[in-house]
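Undergrad: Below is target_34.txt; it holds compact mmCIF, C-alpha atoms (C1' of nucleotides).
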```txt
# COMPACT_ATOMS: atom_id res chain seq x y z
CA MET U 1 -4.03 15.75 -4.91
CA ALA U 2 -5.02 12.73 -2.90
CA ALA U 3 -3.98 10.19 -5.50
CA ALA U 4 -0.39 11.36 -5.14
CA LEU U 5 -0.47 10.56 -1.44
CA ASP U 6 -2.03 7.21 -2.30
CA ARG U 7 0.89 6.38 -4.54
CA SER U 8 3.51 7.63 -2.11
CA PHE U 9 2.18 5.70 0.86
CA ALA U 10 1.69 2.59 -1.27
CA ALA U 11 5.19 2.84 -2.71
CA LEU U 12 6.70 2.97 0.77
CA SER U 13 4.66 0.08 2.13
CA ASP U 14 7.15 -2.39 0.69
CA PRO U 15 10.43 -2.99 2.54
CA THR U 16 12.42 -3.49 -0.65
CA ARG U 17 11.26 -0.13 -1.94
CA ARG U 18 12.07 1.57 1.35
CA ALA U 19 15.52 0.00 1.12
CA ILE U 20 15.86 1.37 -2.39
CA VAL U 21 15.00 4.83 -1.11
CA SER U 22 17.61 4.35 1.56
CA ARG U 23 20.14 3.31 -1.04
CA LEU U 24 19.43 6.30 -3.26
CA ALA U 25 19.81 8.63 -0.30
CA ARG U 26 23.47 7.65 -0.34
CA GLY U 27 23.75 8.91 -3.88
CA PRO U 28 22.56 8.21 -7.42
CA ALA U 29 22.85 4.74 -8.85
CA ARG U 30 22.09 2.70 -11.89
CA VAL U 31 19.43 0.01 -11.96
CA THR U 32 22.02 -2.74 -11.75
CA ASP U 33 23.73 -1.06 -8.81
CA VAL U 34 20.48 -0.94 -6.89
CA ALA U 35 19.58 -4.50 -7.82
CA ALA U 36 22.91 -5.85 -6.61
CA ARG U 37 21.88 -5.41 -2.98
CA PHE U 38 18.73 -7.50 -3.18
CA PRO U 39 18.17 -11.23 -3.39
CA ILE U 40 15.49 -10.78 -6.05
CA THR U 41 15.65 -10.59 -9.79
CA LEU U 42 16.79 -7.54 -11.65
CA ASN U 43 13.38 -7.59 -13.22
CA ALA U 44 11.69 -7.39 -9.85
CA VAL U 45 13.85 -4.43 -8.93
CA SER U 46 12.98 -2.80 -12.24
CA LYS U 47 9.32 -3.05 -11.30
CA HIS U 48 9.93 -1.60 -7.86
CA LEU U 49 11.74 1.30 -9.49
CA LYS U 50 8.77 1.94 -11.72
CA VAL U 51 6.49 2.07 -8.68
CA LEU U 52 8.80 4.53 -6.96
CA GLU U 53 9.07 6.58 -10.12
CA ARG U 54 5.30 6.75 -10.55
CA ALA U 55 5.07 7.96 -6.97
CA GLY U 56 7.57 10.69 -7.81
CA LEU U 57 10.10 9.31 -5.35
CA LEU U 58 12.89 9.01 -7.85
CA ARG U 59 13.96 10.60 -11.07
CA ARG U 60 15.46 8.67 -13.93
CA ARG U 61 18.03 10.13 -16.31
CA ARG U 62 18.81 7.93 -19.28
CA ALA U 63 22.51 8.12 -20.14
CA GLY U 64 23.16 5.79 -22.99
CA ARG U 65 22.11 2.33 -22.02
CA GLU U 66 22.30 3.18 -18.35
CA HIS U 67 19.52 4.72 -16.31
CA HIS U 68 20.75 7.00 -13.58
CA LEU U 69 18.40 7.10 -10.62
CA GLU U 70 18.28 9.76 -8.00
CA LEU U 71 16.09 10.28 -4.99
CA ARG U 72 13.30 12.83 -5.14
CA ALA U 73 12.12 13.46 -1.64
CA ALA U 74 9.26 15.87 -2.23
CA PRO U 75 6.62 13.14 -1.75
CA LEU U 76 8.24 12.28 1.57
CA ARG U 77 7.69 15.86 2.62
CA GLU U 78 4.00 15.55 1.78
CA ILE U 79 3.79 12.40 3.87
CA ALA U 80 5.51 14.13 6.76
CA ARG U 81 3.09 17.01 6.40
CA TRP U 82 0.09 14.70 6.44
CA THR U 83 1.23 12.76 9.48
CA SER U 84 2.21 15.93 11.31
CA ARG U 85 -1.45 16.84 11.49
CA TYR U 86 -1.76 14.14 14.13
CA GLU U 87 1.30 15.00 16.17
CA ARG U 88 -0.87 15.95 19.10
CA PHE U 89 -1.98 12.33 19.35
CA TRP U 90 1.50 10.86 19.36
CA ASN U 91 2.04 11.04 23.07
CA GLU U 92 -1.09 9.06 23.85
CA LYS U 93 -2.23 11.96 25.97
CA LEU U 94 -5.86 11.12 26.12
CA ASP U 95 -7.03 14.70 26.20
CA ALA U 96 -9.96 14.14 23.91
CA LEU U 97 -10.54 17.86 24.11
CA GLY U 98 -7.77 18.11 21.57
CA ALA U 99 -10.49 17.75 19.00
CA PHE U 100 -9.93 20.06 16.09
CA LEU U 101 -11.31 20.69 12.67
CA GLU U 102 -9.70 19.67 9.46
CA GLU U 103 -10.59 18.90 5.91
CA GLU U 104 -9.67 15.50 4.61
CA ASN U 105 -6.94 14.45 2.22
CA MET Q 1 10.08 -4.07 13.19
CA ALA Q 2 9.81 -3.48 9.48
CA ALA Q 3 6.51 -5.30 9.05
CA ALA Q 4 4.84 -2.75 11.28
CA LEU Q 5 5.94 0.01 8.96
CA ASP Q 6 4.72 -2.06 6.04
CA ARG Q 7 1.27 -2.24 7.56
CA SER Q 8 1.16 1.41 8.54
CA PHE Q 9 2.18 2.70 5.14
CA ALA Q 10 -0.17 0.29 3.41
CA ALA Q 11 -3.07 1.25 5.67
CA LEU Q 12 -2.61 4.91 4.86
CA SER Q 13 -2.32 4.39 1.12
CA ASP Q 14 -6.10 4.36 0.81
CA PRO Q 15 -7.98 7.68 0.83
CA THR Q 16 -10.96 6.24 2.66
CA ARG Q 17 -8.73 5.01 5.44
CA ARG Q 18 -6.96 8.35 5.69
CA ALA Q 19 -10.38 9.98 5.94
CA ILE Q 20 -11.27 7.57 8.72
CA VAL Q 21 -8.13 8.56 10.57
CA SER Q 22 -9.12 12.16 10.05
CA ARG Q 23 -12.58 11.45 11.41
CA LEU Q 24 -11.25 9.67 14.48
CA ALA Q 25 -8.94 12.58 15.19
CA ARG Q 26 -12.09 14.59 15.93
CA GLY Q 27 -13.03 12.10 18.61
CA PRO Q 28 -14.04 8.47 19.12
CA ALA Q 29 -16.86 7.01 17.07
CA ARG Q 30 -18.76 3.83 16.48
CA VAL Q 31 -18.49 1.84 13.26
CA THR Q 32 -21.82 3.14 12.02
CA ASP Q 33 -20.83 6.72 12.77
CA VAL Q 34 -17.70 6.35 10.71
CA ALA Q 35 -19.52 4.58 7.90
CA ALA Q 36 -22.14 7.32 7.63
CA ARG Q 37 -19.65 9.66 5.95
CA PHE Q 38 -18.76 7.37 3.10
CA PRO Q 39 -20.62 6.32 -0.02
CA ILE Q 40 -19.56 2.71 0.43
CA THR Q 41 -21.12 -0.17 2.28
CA LEU Q 42 -20.90 -0.56 6.02
CA ASN Q 43 -19.18 -3.83 5.29
CA ALA Q 44 -16.50 -2.10 3.28
CA VAL Q 45 -15.92 0.34 6.13
CA SER Q 46 -15.72 -2.57 8.54
CA LYS Q 47 -12.94 -4.02 6.43
CA HIS Q 48 -11.10 -0.70 6.34
CA LEU Q 49 -11.33 -0.54 10.11
CA LYS Q 50 -9.80 -3.96 10.40
CA VAL Q 51 -6.88 -2.86 8.25
CA LEU Q 52 -6.35 0.22 10.41
CA GLU Q 53 -6.64 -1.86 13.54
CA ARG Q 54 -4.09 -4.40 12.34
CA ALA Q 55 -1.75 -1.50 11.63
CA GLY Q 56 -2.25 -0.30 15.19
CA LEU Q 57 -3.81 2.95 14.03
CA LEU Q 58 -6.97 2.55 16.02
CA ARG Q 59 -8.12 0.83 19.16
CA ARG Q 60 -11.49 -0.85 19.48
CA ARG Q 61 -13.43 -1.02 22.73
CA ARG Q 62 -16.50 -3.24 22.60
CA ALA Q 63 -19.34 -1.73 24.62
CA GLY Q 64 -22.34 -3.93 24.25
CA ARG Q 65 -23.23 -4.26 20.64
CA GLU Q 66 -21.33 -1.09 19.78
CA HIS Q 67 -17.63 -0.90 19.01
CA HIS Q 68 -16.03 2.31 20.13
CA LEU Q 69 -13.11 3.31 17.96
CA GLU Q 70 -10.38 5.70 18.87
CA LEU Q 71 -7.29 6.88 17.08
CA ARG Q 72 -3.92 5.48 18.05
CA ALA Q 73 -1.27 7.66 16.52
CA ALA Q 74 1.90 5.85 17.53
CA PRO Q 75 2.35 4.29 14.07
CA LEU Q 76 2.09 7.76 12.57
CA ARG Q 77 4.98 8.80 14.73
CA GLU Q 78 7.03 5.91 13.35
CA ILE Q 79 6.21 7.00 9.83
CA ALA Q 80 7.21 10.55 10.62
CA ARG Q 81 10.43 9.26 12.08
CA TRP Q 82 11.17 7.21 9.00
CA THR Q 83 10.50 10.03 6.58
CA SER Q 84 12.42 12.51 8.68
CA ARG Q 85 15.57 10.62 7.81
CA TYR Q 86 15.28 12.19 4.38
CA GLU Q 87 14.49 15.73 5.44
CA ARG Q 88 17.74 16.92 4.00
CA PHE Q 89 16.50 15.98 0.53
CA TRP Q 90 13.21 17.81 0.75
CA ASN Q 91 14.42 21.12 -0.57
CA GLU Q 92 15.72 19.63 -3.79
CA LYS Q 93 19.08 21.11 -2.97
CA LEU Q 94 21.15 19.05 -5.32
CA ASP Q 95 24.20 18.97 -3.09
CA ALA Q 96 24.95 15.32 -3.68
CA LEU Q 97 27.65 15.68 -1.07
CA GLY Q 98 24.85 15.31 1.45
CA ALA Q 99 25.49 11.59 1.25
CA PHE Q 100 25.33 10.00 4.64
CA LEU Q 101 25.30 6.55 6.16
CA GLU Q 102 22.27 4.82 7.49
CA GLU Q 103 21.00 1.35 8.18
CA GLU Q 104 17.88 0.28 6.38
CA ASN Q 105 14.37 -0.31 7.58
C1' DC X 1 29.79 -6.81 -37.53
C1' DC X 2 29.58 -9.26 -33.20
C1' DA X 3 29.31 -9.98 -28.50
C1' DA X 4 28.51 -8.29 -24.10
C1' DT X 5 25.98 -5.18 -21.01
C1' DA X 6 21.84 -2.50 -19.30
C1' DT X 7 17.30 -2.32 -19.13
C1' DT X 8 12.54 -3.12 -20.24
C1' DC X 9 8.52 -5.82 -22.02
C1' DA X 10 5.35 -9.71 -21.83
C1' DA X 11 3.23 -13.50 -19.96
C1' DC X 12 2.35 -16.04 -16.09
C1' DC X 13 1.35 -17.25 -11.02
C1' DA X 14 -0.14 -16.76 -6.15
C1' DC X 15 -2.00 -13.78 -3.24
C1' DA X 16 -3.90 -9.38 -1.33
C1' DT X 17 -7.32 -5.63 -1.76
C1' DG X 18 -11.48 -2.93 -2.19
C1' DG X 19 -15.81 -3.52 -3.23
C1' DT X 20 -20.32 -5.97 -3.35
C1' DT X 21 -24.45 -9.02 -1.48
C1' DG X 22 -26.42 -12.05 1.79
C1' DA X 23 -26.31 -14.45 6.06
C1' DA X 24 -24.89 -14.87 10.86
C1' DT X 25 -24.12 -13.22 15.60
C1' DA X 26 -24.87 -10.19 19.52
C1' DT X 27 -27.10 -6.98 22.05
C1' DG X 28 -30.79 -3.81 23.18
C1' DT X 29 -35.94 -2.69 23.39
C1' DC X 30 -40.81 -3.41 23.50
C1' DG D 1 -40.31 -13.91 22.80
C1' DA D 2 -40.11 -10.86 18.85
C1' DC D 3 -38.08 -7.26 16.51
C1' DA D 4 -34.65 -3.84 15.52
C1' DT D 5 -29.84 -2.30 15.71
C1' DA D 6 -24.70 -2.95 15.45
C1' DT D 7 -21.30 -5.45 13.67
C1' DT D 8 -18.90 -9.23 11.59
C1' DC D 9 -18.38 -13.39 8.58
C1' DA D 10 -18.36 -15.65 4.11
C1' DA D 11 -18.31 -15.92 -0.62
C1' DC D 12 -17.57 -13.75 -4.74
C1' DC D 13 -15.48 -10.49 -8.35
C1' DA D 14 -12.19 -7.38 -10.59
C1' DT D 15 -7.94 -5.51 -10.18
C1' DG D 16 -3.26 -4.80 -8.42
C1' DT D 17 1.15 -6.66 -6.64
C1' DG D 18 5.46 -9.02 -6.05
C1' DG D 19 7.75 -12.42 -7.88
C1' DT D 20 9.40 -15.48 -11.65
C1' DT D 21 11.23 -16.78 -16.59
C1' DG D 22 12.16 -15.73 -21.24
C1' DA D 23 12.46 -12.59 -25.01
C1' DA D 24 13.16 -7.98 -26.89
C1' DT D 25 15.54 -3.48 -27.36
C1' DA D 26 19.49 -0.29 -26.94
C1' DT D 27 24.00 0.89 -26.37
C1' DT D 28 28.85 0.08 -25.80
C1' DG D 29 33.32 -1.99 -27.04
C1' DG D 30 36.39 -5.05 -29.51
```
Before anything else, please render the file you have as structure tokens.
TA:
Amino acid sequence: MAAALDRSFAALSDPTRRAIVSRLARGPARVTDVAARFPITLNAVSKHLKVLERAGLLRRRRAGREHHLELRAAPLREIARWTSRYERFWNEKLDALGAFLEEEN
Amino acid sequence: MAAALDRSFAALSDPTRRAIVSRLARGPARVTDVAARFPITLNAVSKHLKVLERAGLLRRRRAGREHHLELRAAPLREIARWTSRYERFWNEKLDALGAFLEEEN
DNA sequence: CCAATATTCAACCACATGGTTGAATATGTC
DNA sequence: GACATATTCAACCATGTGGTTGAATATTGG
């Protein structure tokens, strides 16, 4: 589904959210734990977490009053898969004969 | 630079722009050529192209009144590099002992 | 019960975005 | 010069975003 890619790319276009992903890669954390690292409000972090959650990049387990967050990297795999379709262009080798077919998404 | 990643991720968060990348992977094209495939205005496509250009995802060569566009995939490589840092999470193997250090960006 | 802690909800603000329409600017063609 | 083609610029609109502040909702602990 294309909309999923939309959300994943959009979620990762913000440096704070990429930093949150980075943080969660080091292990699960609560909202407050994540927020502690950033100079913005807890509320702002809460919003970022919702964006990441909607993109499927994290899972939230409510445990009492605490929300335990853990990284879900499947969307990252989809992004890697999408970009890998253009690997042959990465080296700036101008062989335009590398034209190939593909369906969009 | 983090802002470059910001722009790349943001540029690719739109399905039209991903389709434009896909189109340019099949070879260079003019603005009108690209626009022909989409149900939106030429003006809208022109804006999308500017976003892709600012993200470094395409290069524009003016040839008379025509602008020749060609894919520049280097930012895609950066995205692939960023996401690859999380490869170990892709298989949903819940070994939380896979914690590892990293600096953000 | 009461107070503290963890988190979200709601309203607001400034700004970006994706789209439109209409005009402007170049360049090519007759 | 006059007209057509290629592209951008400018203004506008609706919607989303990243941030704030302040209030609400749960849960835990004395």
Undergrad: Counting all atoms listed in the file, which residues of chain X come no farther than 12 Å from chain U, as a list of chain:residue names?
TA: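 Listing them in order of chain and number gives X:DT5, X:DA6, X:DT7, X:DT8, X:DC9, X:DA10.
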Undergrad: Let's have chain U fitted on chain Q; use all the C-alpha atoms paired in order for the least-squares step and return it as a CSV table (one decimal) with C-alpha atoms, keeping the file's coordinate frame.
TA:
```csv
chain,number,residue,atom,x,y,z
U,1,MET,CA,10.0,-4.0,13.1
U,2,ALA,CA,9.8,-3.4,9.4
U,3,ALA,CA,6.5,-5.3,9.0
U,4,ALA,CA,4.8,-2.7,11.2
U,5,LEU,CA,5.9,0.1,8.9
U,6,ASP,CA,4.7,-2.0,6.0
U,7,ARG,CA,1.3,-2.2,7.5
U,8,SER,CA,1.1,1.4,8.5
U,9,PHE,CA,2.2,2.8,5.1
U,10,ALA,CA,-0.2,0.3,3.4
U,11,ALA,CA,-3.1,1.3,5.6
U,12,LEU,CA,-2.6,4.9,4.8
U,13,SER,CA,-2.4,4.4,1.1
U,14,ASP,CA,-6.1,4.4,0.8
U,15,PRO,CA,-8.0,7.7,0.8
U,16,THR,CA,-11.0,6.2,2.6
U,17,ARG,CA,-8.8,5.0,5.4
U,18,ARG,CA,-7.0,8.3,5.6
U,19,ALA,CA,-10.4,10.0,5.9
U,20,ILE,CA,-11.3,7.6,8.7
U,21,VAL,CA,-8.1,8.6,10.5
U,22,SER,CA,-9.1,12.2,10.0
U,23,ARG,CA,-12.6,11.4,11.4
U,24,LEU,CA,-11.2,9.7,14.5
U,25,ALA,CA,-8.9,12.6,15.1
U,26,ARG,CA,-12.1,14.6,15.9
U,27,GLY,CA,-13.0,12.1,18.6
U,28,PRO,CA,-14.0,8.5,19.1
U,29,ALA,CA,-16.8,7.0,17.1
U,30,ARG,CA,-18.7,3.8,16.5
U,31,VAL,CA,-18.5,1.8,13.3
U,32,THR,CA,-21.8,3.1,12.1
U,33,ASP,CA,-20.8,6.7,12.8
U,34,VAL,CA,-17.7,6.3,10.7
U,35,ALA,CA,-19.5,4.6,7.9
U,36,ALA,CA,-22.2,7.3,7.7
U,37,ARG,CA,-19.7,9.6,6.0
U,38,PHE,CA,-18.8,7.3,3.1
U,39,PRO,CA,-20.7,6.3,0.0
U,40,ILE,CA,-19.6,2.7,0.5
U,41,THR,CA,-21.2,-0.2,2.4
U,42,LEU,CA,-20.9,-0.6,6.1
U,43,ASN,CA,-19.2,-3.8,5.3
U,44,ALA,CA,-16.5,-2.1,3.3
U,45,VAL,CA,-15.9,0.3,6.1
U,46,SER,CA,-15.7,-2.6,8.6
U,47,LYS,CA,-12.9,-4.0,6.5
U,48,HIS,CA,-11.1,-0.7,6.3
U,49,LEU,CA,-11.3,-0.5,10.1
U,50,LYS,CA,-9.8,-4.0,10.4
U,51,VAL,CA,-6.9,-2.9,8.2
U,52,LEU,CA,-6.3,0.2,10.3
U,53,GLU,CA,-6.6,-1.8,13.5
U,54,ARG,CA,-4.1,-4.4,12.3
U,55,ALA,CA,-1.7,-1.5,11.6
U,56,GLY,CA,-2.2,-0.3,15.1
U,57,LEU,CA,-3.8,3.0,14.0
U,58,LEU,CA,-6.9,2.6,16.0
U,59,ARG,CA,-8.1,0.9,19.1
U,60,ARG,CA,-11.4,-0.8,19.5
U,61,ARG,CA,-13.3,-1.0,22.7
U,62,ARG,CA,-16.4,-3.2,22.6
U,63,ALA,CA,-19.2,-1.7,24.7
U,64,GLY,CA,-22.2,-4.0,24.4
U,65,ARG,CA,-23.1,-4.3,20.7
U,66,GLU,CA,-21.2,-1.1,19.9
U,67,HIS,CA,-17.6,-0.9,19.0
U,68,HIS,CA,-16.0,2.3,20.1
U,69,LEU,CA,-13.1,3.3,17.9
U,70,GLU,CA,-10.3,5.7,18.9
U,71,LEU,CA,-7.3,6.9,17.0
U,72,ARG,CA,-3.9,5.5,18.0
U,73,ALA,CA,-1.3,7.7,16.5
U,74,ALA,CA,1.9,5.9,17.5
U,75,PRO,CA,2.4,4.4,14.0
U,76,LEU,CA,2.1,7.8,12.5
U,77,ARG,CA,5.0,8.9,14.7
U,78,GLU,CA,7.0,6.0,13.3
U,79,ILE,CA,6.2,7.1,9.8
U,80,ALA,CA,7.2,10.6,10.5
U,81,ARG,CA,10.4,9.3,12.0
U,82,TRP,CA,11.2,7.3,8.9
U,83,THR,CA,10.5,10.1,6.5
U,84,SER,CA,12.4,12.6,8.6
U,85,ARG,CA,15.6,10.7,7.8
U,86,TYR,CA,15.3,12.2,4.3
U,87,GLU,CA,14.5,15.8,5.3
U,88,ARG,CA,17.7,17.0,3.9
U,89,PHE,CA,16.5,16.0,0.4
U,90,TRP,CA,13.2,17.8,0.7
U,91,ASN,CA,14.4,21.1,-0.6
U,92,GLU,CA,15.8,19.6,-3.8
U,93,LYS,CA,19.2,21.1,-2.9
U,94,LEU,CA,21.3,19.0,-5.1
U,95,ASP,CA,24.2,18.9,-2.8
U,96,ALA,CA,25.0,15.2,-3.4
U,97,LEU,CA,27.7,15.6,-0.8
U,98,GLY,CA,24.8,15.2,1.7
U,99,ALA,CA,25.5,11.5,1.4
U,100,PHE,CA,25.3,9.9,4.8
U,101,LEU,CA,25.2,6.4,6.3
U,102,GLU,CA,22.2,4.7,7.5
U,103,GLU,CA,20.9,1.2,8.1
U,104,GLU,CA,17.7,0.2,6.4
U,105,ASN,CA,14.2,-0.2,7.7
```
Undergrad: Distance CA of Leu52 in chain U-C1' of DA4 in chain X, one decimal place?
TA: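 Straight-line distance from CA of Leu52 in chain U to C1' of DA4 in chain X works out to 29.1 Å.
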Undergrad: Neighbouring residues of range 12-25 of chain X were defined as those with any atom within 12 Å, considering only C-alpha atoms (C1' of nucleotides); residues of the same chain fewer than 5 positions away were excluded. Please report them as a tab-separated table (two decimals) with C-alpha atoms (C1' of nucleotides), in the frame of the given file.
TA:
```
chain	number	residue	atom	x	y	z
Q	10	ALA	CA	-0.17	0.29	3.41
Q	11	ALA	CA	-3.07	1.25	5.67
Q	13	SER	CA	-2.32	4.39	1.12
Q	14	ASP	CA	-6.10	4.36	0.81
Q	15	PRO	CA	-7.98	7.68	0.83
Q	16	THR	CA	-10.96	6.24	2.66
Q	17	ARG	CA	-8.73	5.01	5.44
Q	39	PRO	CA	-20.62	6.32	-0.02
Q	40	ILE	CA	-19.56	2.71	0.43
Q	41	THR	CA	-21.12	-0.17	2.28
Q	42	LEU	CA	-20.90	-0.56	6.02
Q	43	ASN	CA	-19.18	-3.83	5.29
Q	44	ALA	CA	-16.50	-2.10	3.28
Q	45	VAL	CA	-15.92	0.34	6.13
Q	46	SER	CA	-15.72	-2.57	8.54
Q	47	LYS	CA	-12.94	-4.02	6.43
Q	48	HIS	CA	-11.10	-0.70	6.34
Q	51	VAL	CA	-6.88	-2.86	8.25
Q	65	ARG	CA	-23.23	-4.26	20.64
D	6	DA	C1'	-24.70	-2.95	15.45
D	7	DT	C1'	-21.30	-5.45	13.67
D	8	DT	C1'	-18.90	-9.23	11.59
D	9	DC	C1'	-18.38	-13.39	8.58
D	10	DA	C1'	-18.36	-15.65	4.11
D	11	DA	C1'	-18.31	-15.92	-0.62
D	12	DC	C1'	-17.57	-13.75	-4.74
D	13	DC	C1'	-15.48	-10.49	-8.35
D	14	DA	C1'	-12.19	-7.38	-10.59
D	15	DT	C1'	-7.94	-5.51	-10.18
D	16	DG	C1'	-3.26	-4.80	-8.42
D	17	DT	C1'	1.15	-6.66	-6.64
D	18	DG	C1'	5.46	-9.02	-6.05
D	19	DG	C1'	7.75	-12.42	-7.88
D	20	DT	C1'	9.40	-15.48	-11.65
D	21	DT	C1'	11.23	-16.78	-16.59
D	22	DG	C1'	12.16	-15.73	-21.24
```
Undergrad: Q:Glu87, Q:Glu70, Q:Glu53, Q:Asp33: which is nearest chain D, counting all atoms listed in the file?
TA: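 Using all atoms listed in the file, chain D sits closest to Q:Asp33.
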Undergrad: Between Q:Arg54, Q:Arg26, Q:Arg81, Q:Arg37, single out the one closest to chain U, counting all atoms listed in the file.
TA: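 Closest candidate: Q:Arg26.
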Undergrad: Hey, which bits of chain Q sit within 6 Å of chain U, and for each residue what's the closest pair of atoms and how far apart in Å (one decimal), counting only C-alpha atoms, rows by chain and increasing number, as CSV?
TA:
```
residue,atom,partner,partner_atom,distance
Q:Asp6,CA,U:Ser13,CA,4.5
Q:Phe9,CA,U:Ser13,CA,4.7
Q:Ala10,CA,U:Ser13,CA,5.0
Q:Ser13,CA,U:Asp6,CA,4.4
Q:Asp14,CA,U:Asp6,CA,5.9
Q:Ala19,CA,U:Glu104,CA,5.7
Q:Arg26,CA,U:Ala99,CA,4.7
Q:Ala73,CA,U:Trp90,CA,5.1
Q:Ala74,CA,U:Trp90,CA,5.3
Q:Leu76,CA,U:Thr83,CA,5.9
Q:Ala80,CA,U:Ala80,CA,5.5
Q:Thr83,CA,U:Leu76,CA,5.9
Q:Phe89,CA,U:Ala73,CA,5.5
Q:Trp90,CA,U:Ala73,CA,5.1
Q:Ala99,CA,U:Arg26,CA,4.7
Q:Phe100,CA,U:Arg26,CA,5.8
Q:Glu104,CA,U:Ala19,CA,5.8
```
Undergrad: Enter the distance from CA of Arg61 in chain U to C1' of DA11 in chain X, in Å, rounded to one decimal.
TA: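 Answer for the CA of Arg61 in chain U to C1' of DA11 in chain X separation: 28.1 Å.
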Undergrad: Please, what distance in Å, to one decimal, runs between CA of Ala29 in chain U and CA of Arg60 in chain U?
TA: 9.8 Å
